[in-house]
file coords_38.tsv (TSV, C-alpha atoms and all ligand atoms)
chain	number	residue	atom	x	y	z
A	1	MET	CA	15.92	91.68	-52.10
A	2	ARG	CA	16.39	93.14	-48.67
A	3	LYS	CA	13.59	94.51	-46.53
A	4	PRO	CA	14.78	97.78	-44.98
A	5	ARG	CA	14.72	97.87	-41.20
A	6	LEU	CA	15.62	101.16	-39.57
A	7	MET	CA	16.93	99.87	-36.24
A	8	THR	CA	18.25	103.28	-35.27
A	9	PRO	CA	17.49	105.50	-32.29
A	10	GLY	CA	15.87	108.09	-34.54
A	11	PRO	CA	14.72	108.55	-37.11
A	12	ALA	CA	12.88	105.33	-36.44
A	13	MET	CA	10.36	103.30	-38.42
A	14	VAL	CA	6.93	104.79	-39.18
A	15	PRO	CA	3.79	102.62	-39.46
A	16	GLU	CA	2.00	102.53	-42.82
A	17	ASP	CA	-1.24	104.14	-41.62
A	18	VAL	CA	0.82	107.06	-40.31
A	19	LEU	CA	2.76	107.33	-43.60
A	20	LEU	CA	-0.48	107.33	-45.59
A	21	GLU	CA	-1.60	110.48	-43.75
A	22	LEU	CA	1.34	112.23	-45.39
A	23	ALA	CA	-0.13	111.51	-48.84
A	24	ARG	CA	-3.39	113.37	-48.15
A	25	PRO	CA	-4.08	116.79	-49.70
A	26	VAL	CA	-2.73	119.66	-47.62
A	27	ILE	CA	-5.46	121.39	-45.60
A	28	HIS	CA	-5.42	125.02	-44.54
A	29	HIS	CA	-3.88	125.51	-41.13
A	30	ARG	CA	-6.51	128.07	-40.01
A	31	SER	CA	-9.47	125.89	-40.99
A	32	ALA	CA	-11.94	124.32	-38.56
A	33	GLU	CA	-10.63	120.90	-39.55
A	34	ALA	CA	-7.07	121.91	-38.65
A	35	LYS	CA	-8.25	123.16	-35.28
A	36	ASP	CA	-10.06	119.88	-34.57
A	37	VAL	CA	-6.83	118.04	-35.29
A	38	ILE	CA	-4.87	120.23	-32.87
A	39	VAL	CA	-7.54	119.73	-30.20
A	40	GLU	CA	-7.17	115.95	-30.55
A	41	VAL	CA	-3.37	115.83	-30.73
A	42	THR	CA	-3.00	118.17	-27.77
A	43	ALA	CA	-5.07	115.78	-25.65
A	44	GLY	CA	-3.13	112.82	-27.05
A	45	LEU	CA	0.25	114.36	-26.32
A	46	LYS	CA	-0.82	115.11	-22.73
A	47	GLU	CA	-1.77	111.48	-22.28
A	48	VAL	CA	1.49	110.21	-23.77
A	49	PHE	CA	3.55	112.66	-21.69
A	50	CYS	CA	1.47	111.94	-18.54
A	51	THR	CA	0.85	115.62	-17.97
A	52	LYS	CA	-1.87	118.18	-17.38
A	53	ASN	CA	0.58	120.96	-18.27
A	54	ASP	CA	0.37	123.00	-21.46
A	55	VAL	CA	1.91	121.28	-24.47
A	56	MET	CA	3.34	123.50	-27.21
A	57	ILE	CA	3.72	122.14	-30.74
A	58	LEU	CA	6.77	123.50	-32.59
A	59	THR	CA	7.79	123.02	-36.19
A	60	SER	CA	11.43	122.01	-35.85
A	61	SER	CA	13.50	119.01	-35.00
A	62	GLY	CA	13.87	118.06	-31.34
A	63	THR	CA	16.71	120.50	-30.79
A	64	GLY	CA	14.22	123.33	-31.39
A	65	ALA	CA	12.34	122.23	-28.27
A	66	MET	CA	15.60	122.33	-26.29
A	67	GLU	CA	16.46	125.76	-27.66
A	68	ALA	CA	12.95	127.08	-26.89
A	69	THR	CA	13.30	125.75	-23.36
A	70	ALA	CA	16.68	127.34	-22.71
A	71	VAL	CA	16.04	130.75	-24.26
A	72	ASN	CA	12.63	131.18	-22.62
A	73	THR	CA	13.48	130.11	-19.08
A	74	VAL	CA	16.92	131.58	-18.48
A	75	PRO	CA	17.71	135.23	-19.30
A	76	PRO	CA	21.14	136.11	-20.72
A	77	GLY	CA	23.65	136.05	-17.85
A	78	GLY	CA	21.37	133.73	-15.85
A	79	LYS	CA	22.54	130.35	-14.70
A	80	ALA	CA	21.70	126.83	-15.88
A	81	LEU	CA	22.95	123.55	-14.45
A	82	VAL	CA	23.63	121.06	-17.26
A	83	LEU	CA	23.67	117.38	-16.30
A	84	ASN	CA	26.37	116.56	-18.79
A	85	ALA	CA	26.61	112.83	-19.42
A	86	GLY	CA	26.81	112.48	-23.18
A	87	TYR	CA	26.75	114.07	-26.59
A	88	PHE	CA	23.12	115.23	-26.37
A	89	ALA	CA	23.38	116.52	-22.82
A	90	ALA	CA	26.36	118.58	-23.98
A	91	ARG	CA	24.05	120.17	-26.54
A	92	TRP	CA	22.24	121.90	-23.66
A	93	ALA	CA	25.52	123.65	-22.82
A	94	SER	CA	26.08	124.64	-26.46
A	95	ILE	CA	22.60	126.15	-26.67
A	96	CYS	CA	23.23	128.08	-23.44
A	97	LYS	CA	26.47	129.41	-24.86
A	98	ALA	CA	24.67	130.64	-28.00
A	99	TYR	CA	22.31	132.70	-25.81
A	100	GLY	CA	24.78	134.00	-23.26
A	101	ILE	CA	23.43	131.74	-20.51
A	102	ASN	CA	25.99	130.76	-17.89
A	103	ALA	CA	26.00	126.95	-18.05
A	104	VAL	CA	27.55	125.18	-15.08
A	105	THR	CA	28.10	121.54	-16.01
A	106	LEU	CA	27.88	118.58	-13.71
A	107	ASP	CA	29.96	116.00	-15.58
A	108	THR	CA	29.17	112.31	-15.39
A	109	GLU	CA	31.20	109.66	-17.15
A	110	TRP	CA	29.60	108.65	-20.46
A	111	GLY	CA	27.58	105.48	-20.03
A	112	GLN	CA	26.92	106.11	-16.34
A	113	PRO	CA	23.68	107.55	-14.92
A	114	VAL	CA	23.61	111.01	-13.34
A	115	ASP	CA	23.70	110.78	-9.54
A	116	PRO	CA	20.76	112.65	-7.95
A	117	ASP	CA	22.86	113.41	-4.83
A	118	ALA	CA	25.44	115.10	-7.02
A	119	VAL	CA	22.64	117.22	-8.49
A	120	ALA	CA	21.56	118.20	-4.97
A	121	ASN	CA	25.16	119.18	-4.16
A	122	ALA	CA	25.53	121.20	-7.33
A	123	LEU	CA	22.30	123.04	-6.56
A	124	ARG	CA	23.56	123.85	-3.05
A	125	GLN	CA	26.73	125.27	-4.61
A	126	ASN	CA	24.73	127.15	-7.24
A	127	PRO	CA	21.59	128.38	-5.48
A	128	ASP	CA	21.02	130.94	-8.24
A	129	THR	CA	20.40	128.20	-10.83
A	130	ALA	CA	17.32	129.04	-12.88
A	131	CYS	CA	17.07	125.77	-14.78
A	132	VAL	CA	18.47	122.25	-14.43
A	133	MET	CA	18.88	120.66	-17.86
A	134	GLY	CA	18.91	116.88	-18.01
A	135	THR	CA	18.14	113.93	-20.28
A	136	LEU	CA	15.75	111.00	-19.96
A	137	SER	CA	17.47	108.73	-22.47
A	138	GLU	CA	21.01	109.74	-23.50
A	139	THR	CA	20.96	108.43	-27.04
A	140	SER	CA	24.71	108.76	-27.57
A	141	THR	CA	25.53	106.24	-24.84
A	142	GLY	CA	22.27	104.28	-24.55
A	143	THR	CA	21.83	105.34	-20.94
A	144	GLY	CA	18.58	105.97	-19.05
A	145	HIS	CA	18.93	108.59	-16.31
A	146	PRO	CA	17.04	108.51	-12.98
A	147	VAL	CA	14.81	111.44	-13.89
A	148	GLU	CA	12.25	110.71	-11.18
A	149	ALA	CA	14.85	110.99	-8.40
A	150	ILE	CA	16.49	114.04	-9.96
A	151	GLY	CA	13.04	115.64	-10.26
A	152	ARG	CA	12.54	115.31	-6.50
A	153	VAL	CA	15.83	117.11	-5.88
A	154	VAL	CA	15.07	119.95	-8.28
A	155	ALA	CA	11.51	120.35	-6.96
A	156	ASP	CA	13.01	121.37	-3.60
A	157	SER	CA	14.83	124.28	-5.24
A	158	PRO	CA	13.68	127.44	-7.01
A	159	ALA	CA	15.06	126.04	-10.29
A	160	VAL	CA	12.91	124.45	-12.95
A	161	PHE	CA	13.72	121.01	-14.32
A	162	ALA	CA	14.05	120.70	-18.09
A	163	VAL	CA	14.31	117.20	-19.53
A	164	ASP	CA	15.36	116.22	-23.02
A	165	GLY	CA	12.99	113.32	-23.56
A	166	ILE	CA	13.57	113.25	-27.30
A	167	SER	CA	14.53	109.57	-27.56
A	168	GLY	CA	13.03	108.57	-24.23
A	169	VAL	CA	9.38	109.59	-24.31
A	170	GLY	CA	7.28	106.82	-25.82
A	171	ALA	CA	10.04	104.28	-25.14
A	172	MET	CA	10.57	104.66	-21.39
A	173	GLU	CA	8.29	105.42	-18.52
A	174	CYS	CA	8.04	109.17	-18.17
A	175	ARG	CA	5.53	110.71	-15.77
A	176	THR	CA	5.99	114.40	-16.41
A	177	ASP	CA	3.80	115.75	-13.59
A	178	GLU	CA	4.49	113.11	-10.93
A	179	TRP	CA	8.23	113.33	-11.54
A	180	GLY	CA	8.39	117.13	-11.39
A	181	ILE	CA	9.46	117.75	-14.99
A	182	ASP	CA	8.80	121.43	-15.65
A	183	LEU	CA	9.80	121.46	-19.30
A	184	LEU	CA	9.65	118.20	-21.25
A	185	CYS	CA	11.21	118.33	-24.71
A	186	VAL	CA	10.18	115.73	-27.28
A	187	GLY	CA	10.80	115.24	-31.01
A	188	SER	CA	8.62	113.46	-33.55
A	189	GLN	CA	11.06	111.06	-35.20
A	190	LYS	CA	11.94	108.70	-32.38
A	191	ALA	CA	9.50	106.68	-30.27
A	192	LEU	CA	6.50	108.73	-31.44
A	193	MET	CA	6.68	106.89	-34.80
A	194	LEU	CA	6.73	109.94	-37.08
A	195	PRO	CA	9.16	111.39	-39.58
A	196	PRO	CA	11.34	114.28	-38.33
A	197	GLY	CA	9.91	117.81	-38.27
A	198	LEU	CA	7.83	118.35	-35.14
A	199	ALA	CA	8.92	119.10	-31.59
A	200	PHE	CA	6.92	119.47	-28.39
A	201	VAL	CA	7.47	121.17	-25.06
A	202	ALA	CA	5.26	120.51	-22.04
A	203	VAL	CA	5.44	123.54	-19.75
A	204	SER	CA	4.51	123.52	-16.03
A	205	PRO	CA	3.10	126.48	-14.06
A	206	LYS	CA	6.49	126.80	-12.27
A	207	ALA	CA	8.15	127.10	-15.68
A	208	TRP	CA	5.61	129.67	-16.91
A	209	GLU	CA	6.51	131.85	-13.90
A	210	LYS	CA	10.14	131.88	-15.04
A	211	ILE	CA	9.10	132.46	-18.66
A	212	ASP	CA	6.79	135.35	-17.74
A	213	ALA	CA	9.54	137.08	-15.74
A	214	PHE	CA	11.45	138.34	-18.81
A	215	ASN	CA	11.28	138.72	-22.58
A	216	ALA	CA	12.98	135.84	-24.33
A	217	HIS	CA	15.57	136.72	-26.96
A	218	SER	CA	13.88	134.65	-29.65
A	219	PHE	CA	11.19	135.44	-32.16
A	220	TYR	CA	10.40	132.01	-33.60
A	221	PHE	CA	10.97	129.94	-30.47
A	222	ASN	CA	8.93	132.20	-28.23
A	223	LEU	CA	6.89	130.14	-25.79
A	224	LYS	CA	4.71	133.09	-24.72
A	225	ALA	CA	3.63	133.53	-28.35
A	226	ALA	CA	3.04	129.80	-28.60
A	227	ARG	CA	0.94	129.77	-25.41
A	228	LYS	CA	-1.24	132.63	-26.64
A	229	LYS	CA	-2.16	130.73	-29.80
A	230	ALA	CA	-2.32	127.31	-28.12
A	231	ALA	CA	-5.14	128.63	-25.91
A	232	ASP	CA	-7.20	128.63	-29.10
A	233	PHE	CA	-5.64	125.39	-30.44
A	234	ASP	CA	-3.62	127.32	-32.97
A	235	THR	CA	0.07	128.04	-33.59
A	236	PRO	CA	1.73	131.43	-34.12
A	237	TYR	CA	3.17	130.52	-37.54
A	238	THR	CA	2.29	127.94	-40.19
A	239	PRO	CA	2.88	124.56	-38.55
A	240	ALA	CA	3.98	121.41	-40.40
A	241	HIS	CA	0.33	120.53	-40.64
A	242	THR	CA	0.82	117.44	-42.74
A	243	LEU	CA	2.96	116.03	-39.96
A	244	ILE	CA	0.33	116.99	-37.40
A	245	LEU	CA	-2.20	114.83	-39.29
A	246	ALA	CA	0.29	111.99	-39.14
A	247	LEU	CA	0.80	112.73	-35.44
A	248	ARG	CA	-2.92	112.22	-34.87
A	249	ALA	CA	-2.65	108.74	-36.41
A	250	ALA	CA	0.47	107.88	-34.37
A	251	LEU	CA	-1.13	109.10	-31.13
A	252	ARG	CA	-4.23	107.03	-31.81
A	253	ARG	CA	-1.99	103.97	-32.01
A	254	LEU	CA	-0.25	104.84	-28.73
A	255	ARG	CA	-3.52	105.55	-26.91
A	256	GLU	CA	-4.99	102.32	-28.17
A	257	GLU	CA	-2.01	100.30	-26.92
A	258	GLY	CA	-1.92	102.28	-23.66
A	259	MET	CA	1.23	103.89	-22.26
A	260	GLU	CA	1.83	101.21	-19.64
A	261	ALA	CA	1.77	98.56	-22.37
A	262	VAL	CA	3.96	100.69	-24.63
A	263	TRP	CA	6.59	101.04	-21.88
A	264	GLU	CA	6.35	97.33	-21.09
A	265	ARG	CA	6.91	96.40	-24.75
A	266	HIS	CA	10.03	98.55	-24.83
A	267	ARG	CA	11.26	97.04	-21.57
A	268	ARG	CA	10.89	93.55	-23.06
A	269	MET	CA	12.59	94.49	-26.34
A	270	SER	CA	15.42	96.13	-24.48
A	271	GLU	CA	15.95	93.21	-22.10
A	272	ALA	CA	15.85	90.78	-25.02
A	273	CYS	CA	18.32	92.82	-27.06
A	274	GLN	CA	20.69	93.17	-24.11
A	275	ALA	CA	20.50	89.43	-23.39
A	276	GLY	CA	21.26	88.63	-27.02
A	277	VAL	CA	24.22	90.97	-27.19
A	278	VAL	CA	25.67	89.63	-23.93
A	279	ALA	CA	25.17	86.01	-25.12
A	280	LEU	CA	27.50	86.80	-28.03
A	281	GLY	CA	30.25	87.79	-25.60
A	282	LEU	CA	29.78	91.47	-26.36
A	283	GLU	CA	29.91	94.14	-23.68
A	284	LEU	CA	27.05	96.56	-23.08
A	285	PHE	CA	28.28	100.14	-23.03
A	286	SER	CA	25.91	101.55	-20.43
A	287	SER	CA	25.69	100.57	-16.79
A	288	ARG	CA	22.01	101.67	-16.78
A	289	PRO	CA	20.67	100.98	-20.28
A	290	ALA	CA	17.90	103.09	-21.76
A	291	GLU	CA	14.94	101.14	-23.07
A	292	GLY	CA	14.73	102.49	-26.61
A	293	LEU	CA	18.19	101.41	-27.72
A	294	THR	CA	21.06	99.07	-26.89
A	295	ALA	CA	24.70	100.15	-27.19
A	296	PHE	CA	27.55	97.64	-27.15
A	297	ARG	CA	31.30	98.04	-27.38
A	298	VAL	CA	32.97	97.13	-30.67
A	299	PRO	CA	34.97	93.97	-29.87
A	300	ALA	CA	38.75	94.27	-29.99
A	301	GLY	CA	40.15	93.63	-33.45
A	302	MET	CA	36.91	94.57	-35.23
A	303	LYS	CA	35.75	97.79	-36.87
A	304	ASP	CA	32.32	99.20	-36.16
A	305	SER	CA	31.92	100.12	-39.82
A	306	ASP	CA	32.52	96.51	-40.89
A	307	ILE	CA	29.76	95.30	-38.57
A	308	ARG	CA	27.32	98.05	-39.49
A	309	ASN	CA	27.99	97.90	-43.24
A	310	LYS	CA	27.41	94.16	-43.33
A	311	LEU	CA	24.22	94.50	-41.32
A	312	ALA	CA	23.04	97.10	-43.82
A	313	GLU	CA	24.23	95.61	-47.08
A	314	ARG	CA	23.50	91.96	-46.43
A	315	PHE	CA	20.42	92.24	-44.21
A	316	GLY	CA	18.95	95.72	-44.82
A	317	ILE	CA	19.35	96.58	-41.15
A	318	THR	CA	20.49	100.11	-40.35
A	319	THR	CA	22.22	100.68	-37.02
A	320	VAL	CA	24.38	103.60	-35.86
A	321	GLY	CA	27.90	103.91	-34.49
A	322	GLY	CA	29.28	106.14	-31.77
A	323	GLN	CA	29.29	109.94	-31.74
A	324	ASP	CA	32.08	112.31	-30.79
A	325	LYS	CA	34.54	110.52	-28.46
A	326	LEU	CA	32.68	107.22	-28.95
A	327	LYS	CA	33.21	107.23	-32.72
A	328	GLY	CA	34.31	103.74	-33.78
A	329	LYS	CA	33.95	102.44	-30.21
A	330	ILE	CA	30.30	101.40	-29.99
A	331	VAL	CA	27.40	100.16	-32.09
A	332	ARG	CA	23.87	101.27	-31.22
A	333	ILE	CA	20.75	99.31	-32.09
A	334	GLY	CA	17.49	101.24	-31.84
A	335	HIS	CA	14.31	99.45	-30.79
A	336	MET	CA	11.81	102.19	-30.26
A	337	GLY	CA	8.42	103.20	-31.57
A	338	TYR	CA	7.17	101.06	-34.42
A	339	THR	CA	9.40	98.12	-33.49
A	340	ASP	CA	8.36	94.73	-32.23
A	341	GLU	CA	9.91	91.64	-30.71
A	342	MET	CA	10.51	90.07	-34.12
A	343	ASP	CA	12.49	93.11	-35.30
A	344	VAL	CA	14.77	92.62	-32.31
A	345	ILE	CA	15.11	88.87	-32.87
A	346	GLY	CA	15.77	89.42	-36.57
A	347	THR	CA	18.44	91.99	-35.81
A	348	LEU	CA	20.15	89.68	-33.32
A	349	ALA	CA	20.08	86.84	-35.87
A	350	ALA	CA	21.65	89.16	-38.44
A	351	LEU	CA	24.24	90.27	-35.89
A	352	GLU	CA	25.22	86.64	-35.22
A	353	MET	CA	25.65	85.95	-38.92
A	354	THR	CA	27.51	89.21	-39.44
A	355	LEU	CA	30.00	88.52	-36.66
A	356	ALA	CA	30.47	84.92	-37.83
A	357	GLU	CA	31.08	86.03	-41.42
A	358	LEU	CA	33.56	88.62	-40.20
A	359	GLY	CA	35.52	85.78	-38.63
A	360	ARG	CA	34.50	86.08	-34.99
A	361	ASP	CA	33.97	82.86	-33.11
A	362	VAL	CA	30.22	82.96	-32.48
A	363	GLU	CA	27.78	80.13	-32.37
A	364	PRO	CA	24.75	81.12	-34.49
A	365	GLY	CA	21.54	80.94	-32.50
A	366	ARG	CA	23.00	81.98	-29.15
A	367	ALA	CA	21.78	85.55	-29.17
A	368	VAL	CA	18.41	84.58	-30.58
A	369	THR	CA	17.97	81.88	-27.92
A	370	ALA	CA	18.87	84.27	-25.12
A	371	ALA	CA	16.41	86.85	-26.45
A	372	GLN	CA	13.66	84.27	-26.88
A	373	GLN	CA	14.16	83.10	-23.32
A	374	VAL	CA	13.66	86.65	-22.07
A	375	LEU	CA	10.56	87.12	-24.21
A	376	ILE	CA	8.98	83.78	-23.26
A	377	GLY	CA	9.76	84.43	-19.60
A	378	ALA	CA	8.29	87.93	-19.72
A	379	ARG	CA	5.05	86.62	-21.17
A	380	SER	CA	4.59	83.77	-18.72
A	381	ALA	CA	5.46	86.11	-15.83
A	382	ALA	CA	2.71	88.43	-17.06
A	383	GLY	CA	0.30	85.46	-17.27
A	384	VAL	CA	-0.17	85.79	-21.04
A	385	GLY	CA	-0.53	82.46	-22.93
A	401	LIG	C1	17.82	112.85	-31.41
A	401	LIG	C2	18.11	113.53	-30.15
A	401	LIG	C3	18.28	114.92	-30.07
A	401	LIG	C4	18.34	115.78	-31.28
A	401	LIG	O1	17.14	115.88	-31.91
A	401	LIG	P1	17.02	116.48	-33.37
A	401	LIG	O2	15.61	116.07	-33.68
A	401	LIG	O3	18.06	115.84	-34.23
A	401	LIG	O4	17.17	117.93	-33.27
A	401	LIG	C5	18.48	115.49	-28.84
A	401	LIG	N1	18.53	114.74	-27.74
A	401	LIG	C6	18.37	113.41	-27.76
A	401	LIG	C7	18.46	112.65	-26.49
A	401	LIG	C8	18.16	112.77	-28.97
A	401	LIG	O5	18.02	111.44	-28.99

call {"tool": "encode", "arguments": {"input": "coords_38.tsv", "output": "structure tokens", "more": "lines below"}}
Ligand SMILES: *Cc1c(COP(=O)(O)O)cnc(C)c1O
result
Amino acid sequence: MRKPRLMTPGPAMVPEDVLLELARPVIHHRSAEAKDVIVEVTAGLKEVFCTKNDVMILTSSGTGAMEATAVNTVPPGGKALVLNAGYFAARWASICKAYGINAVTLDTEWGQPVDPDAVANALRQNPDTACVMGTLSETSTGTGHPVEAIGRVVADSPAVFAVDGISGVGAMECRTDEWGIDLLCVGSQKALMLPPGLAFVAVSPKAWEKIDAFNAHSFYFNLKAARKKAADFDTPYTPAHTLILALRAALRRLREEGMEAVWERHRRMSEACQAGVVALGLELFSSRPAEGLTAFRVPAGMKDSDIRNKLAERFGITTVGGQDKLKGKIVRIGHMGYTDEMDVIGTLAALEMTLAELGRDVEPGRAVTAAQQVLIGARSAAGVG
């Protein structure tokens, strides 16, 4: 018997009380009950996103939120500045291309954080930029970007700041309003502890001005249509209502834990995972690791698929490899959402055994000890018994 553990950066594990919501009879989406649910989840999402801005609920995967953002804020022929530092950031450019938006890319080496000064420079060179498109947590490289500092730069310009927070929100500190994020894109299946199928966009007044200035070339992903219905806690088309019921349960969990505590738990899990990986002589891929996942380089002479297959087949632990140019080069361990310290310790123990069984010279217990030291230290520093 193996207990499945989805240690991936999305989809990620879903708590049982949230899963049970999915087994309830389908309710009608125009009923009073459905409206009550949307009232509650709208308030919950605002709390989790740290925003007073409007939050639109879309039925799509996270990419739908990115597409809605691009097509509604930049008219065809308009300019976007894409902070291109990984596979998901590059998706912004692909979406722009699909809609005839002129995407200027500011390229950053994969695994490195975007430099806010470089963003300021790029905006000086491209003063007609309508939207700066960045990422909170670049899932393909395991990098957290300095969104707060970039937000300050963008706030000084006429451009709006769109952030892909799909794997970041709920795992890393993200203060939408304080940090000047005009469009925050989030998906359900990562740190929000839900299955895939819902996406969210938080839209600032500065963003609405851009959106109101033209008619977006999209019927389904039309934010003006979404705003009109959201005013009455409704959606323009049939939403994935079953998932919205599950969202209510997931948001109740997050609100009960409190966002500061949620971020702190992810910080601890991420520090522990990094310490464990480093203790095994492995090299972290990112110079500024995100807090919802840990990426390490595949050691010379080993194959990522050997490591990941053994983790899965022997221990039930699912991890992911690299994407695009990182294929075969890195392994990524997710620790976001419904994940706790013991999941991280268990994964590190399995990683030690996996590497040892694959013939690498590792001393079992090293990674676990390093992680435990971080976790014990974090608790005594916080004054918790
Ligand atoms: C997962 C992810 C996406 C893509 O989301 P989908 O839900 O697969 O459409 C985009 N950006 C980031 C940073 C992600 O982690």

call {"tool": "residues_around", "arguments": {"input": "coords_38.tsv", "residues": "Lys97 of chain A", "least_positions_apart": "5", "cutoff": "12 Å", "atoms": "all atoms listed in the file", "output": "PDB file with C-alpha atoms, keeping the file's coordinate frame"}}
result
ATOM      1  CA  GLU A  67      16.460 125.760 -27.660  1.00  0.00           C
ATOM      2  CA  ALA A  70      16.680 127.340 -22.710  1.00  0.00           C
ATOM      3  CA  VAL A  71      16.040 130.750 -24.260  1.00  0.00           C
ATOM      4  CA  VAL A  74      16.920 131.580 -18.480  1.00  0.00           C
ATOM      5  CA  PRO A  75      17.710 135.230 -19.300  1.00  0.00           C
ATOM      6  CA  PRO A  76      21.140 136.110 -20.720  1.00  0.00           C
ATOM      7  CA  GLY A  77      23.650 136.050 -17.850  1.00  0.00           C
ATOM      8  CA  GLY A  78      21.370 133.730 -15.850  1.00  0.00           C
ATOM      9  CA  LYS A  79      22.540 130.350 -14.700  1.00  0.00           C
ATOM     10  CA  ALA A  80      21.700 126.830 -15.880  1.00  0.00           C
ATOM     11  CA  VAL A  82      23.630 121.060 -17.260  1.00  0.00           C
ATOM     12  CA  ALA A  90      26.360 118.580 -23.980  1.00  0.00           C
ATOM     13  CA  ARG A  91      24.050 120.170 -26.540  1.00  0.00           C
ATOM     14  CA  TRP A  92      22.240 121.900 -23.660  1.00  0.00           C
ATOM     15  CA  ASN A 102      25.990 130.760 -17.890  1.00  0.00           C
ATOM     16  CA  ALA A 103      26.000 126.950 -18.050  1.00  0.00           C
ATOM     17  CA  VAL A 104      27.550 125.180 -15.080  1.00  0.00           C
ATOM     18  CA  THR A 105      28.100 121.540 -16.010  1.00  0.00           C
TER      19      THR A 105
END

call {"tool": "closest_residue", "arguments": {"input": "coords_38.tsv", "among": "A:Leu280, A:Leu192, A:Val169, A:Leu123", "to": "Val147 of chain A", "atoms": "only C-alpha atoms"}}
result
A:Val169

call {"tool": "residues_around", "arguments": {"input": "coords_38.tsv", "residues": "Ala207 of chain A", "least_positions_apart": "2", "cutoff": "10 Å", "atoms": "all atoms listed in the file", "output": "NGL selection string"}}
result
:A and (69 or 72-73 or 130-131 or 159-162 or 181-183 or 202-205 or 209-212)

call {"tool": "axis_aligned_box", "arguments": {"input": "coords_38.tsv", "around": "ligand LIG 401 (chain A)", "padding_each_side": "6 Å", "output": "JSON"}}
result
{"center_x": 17.1, "center_y": 114.7, "center_z": -30.4, "size_x": 14.9, "size_y": 18.5, "size_z": 19.7}

call {"tool": "closest_atom_pairs", "arguments": {"input": "coords_38.tsv", "of": "chain A", "to": "ligand LIG 401 (chain A)", "cutoff": "6 Å", "atoms": "all atoms listed in the file", "output": "JSON lines"}}
result
{"residue": "A:Ser61", "atom": "CA", "partner": "A:LIG401", "partner_atom": "O2", "distance": 3.9}
{"residue": "A:Gly62", "atom": "CA", "partner": "A:LIG401", "partner_atom": "O2", "distance": 3.5}
{"residue": "A:Thr63", "atom": "CA", "partner": "A:LIG401", "partner_atom": "O4", "distance": 3.6}
{"residue": "A:Phe88", "atom": "CA", "partner": "A:LIG401", "partner_atom": "N1", "distance": 4.8}
{"residue": "A:Ser137", "atom": "CA", "partner": "A:LIG401", "partner_atom": "C7", "distance": 5.7}
{"residue": "A:Glu138", "atom": "CA", "partner": "A:LIG401", "partner_atom": "C7", "distance": 4.9}
{"residue": "A:Thr139", "atom": "CA", "partner": "A:LIG401", "partner_atom": "O5", "distance": 4.6}
{"residue": "A:Asp164", "atom": "CA", "partner": "A:LIG401", "partner_atom": "C7", "distance": 5.9}
{"residue": "A:Ile166", "atom": "CA", "partner": "A:LIG401", "partner_atom": "C6", "distance": 4.8}
{"residue": "A:Ser167", "atom": "CA", "partner": "A:LIG401", "partner_atom": "O5", "distance": 4.2}
{"residue": "A:Gly187", "atom": "CA", "partner": "A:LIG401", "partner_atom": "O2", "distance": 5.6}

call {"tool": "closest_residue", "arguments": {"input": "coords_38.tsv", "among": "A:Val153, A:Ala199, A:Ala171, A:Ala367", "to": "Leu282 of chain A", "atoms": "only C-alpha atoms"}}
result
A:Ala367

call {"tool": "atom_distance", "arguments": {"input": "coords_38.tsv", "atom1": "atom CA of Arg175 of chain A", "atom2": "atom CA of Leu106 of chain A"}}
result
23.8 Å

call {"tool": "atom_distance", "arguments": {"input": "coords_38.tsv", "atom1": "atom CA of Val154 of chain A", "atom2": "atom CA of Ala226 of chain A"}}
result
25.6 Å

call {"tool": "closest_residue", "arguments": {"input": "coords_38.tsv", "among": "A:Pro289, A:Leu81, A:Met336, A:Ala213", "to": "Ala118 of chain A", "atoms": "all atoms listed in the file"}}
result
A:Leu81

call {"tool": "closest_residue", "arguments": {"input": "coords_38.tsv", "among": "A:Ile307, A:Asp54, A:Thr129, A:Gly258", "to": "Leu184 of chain A", "atoms": "all atoms listed in the file"}}
result
A:Asp54

call {"tool": "residues_around", "arguments": {"input": "coords_38.tsv", "residues": "segment 25-42 of chain A", "least_positions_apart": "4", "cutoff": "9 Å", "atoms": "only C-alpha atoms", "output": "PyMOL selection string"}}
result
chain A and resi 46-47+54-57+230+232-235+238-242+244-245+247-248+251-252

call {"tool": "atom_distance", "arguments": {"input": "coords_38.tsv", "atom1": "atom CA of Pro9 of chain A", "atom2": "atom CA of Gly292 of chain A"}}
result
7.0 Å

call {"tool": "closest_residue", "arguments": {"input": "coords_38.tsv", "among": "A:Ile150, A:Met269, A:Ala249, A:Leu45", "to": "Leu194 of chain A", "atoms": "only C-alpha atoms"}}
result
A:Ala249

call {"tool": "closest_atom_pairs", "arguments": {"input": "coords_38.tsv", "of": "segment 333-353 of chain A", "to": "segment 370-378 of chain A", "cutoff": "9 Å", "atoms": "only C-alpha atoms", "output": "JSON lines"}}
result
{"residue": "A:Glu341", "atom": "CA", "partner": "A:Leu375", "partner_atom": "CA", "distance": 7.9}
{"residue": "A:Val344", "atom": "CA", "partner": "A:Ala371", "partner_atom": "CA", "distance": 8.4}
{"residue": "A:Ile345", "atom": "CA", "partner": "A:Ala371", "partner_atom": "CA", "distance": 6.9}
{"residue": "A:Leu348", "atom": "CA", "partner": "A:Ala371", "partner_atom": "CA", "distance": 8.3}

call {"tool": "residues_around", "arguments": {"input": "coords_38.tsv", "residues": "Glu352 of chain A", "least_positions_apart": "2", "cutoff": "8 Å", "atoms": "all atoms listed in the file", "output": "compact mmCIF listing (two decimals) with C-alpha atoms, in the frame of the given file"}}
result
# COMPACT_ATOMS: atom_id res chain seq x y z
CA LEU A 280 27.50 86.80 -28.03
CA LEU A 348 20.15 89.68 -33.32
CA ALA A 349 20.08 86.84 -35.87
CA ALA A 350 21.65 89.16 -38.44
CA THR A 354 27.51 89.21 -39.44
CA LEU A 355 30.00 88.52 -36.66
CA ALA A 356 30.47 84.92 -37.83
CA VAL A 362 30.22 82.96 -32.48
CA GLU A 363 27.78 80.13 -32.37
CA PRO A 364 24.75 81.12 -34.49
CA GLY A 365 21.54 80.94 -32.50
CA ARG A 366 23.00 81.98 -29.15
CA ALA A 367 21.78 85.55 -29.17
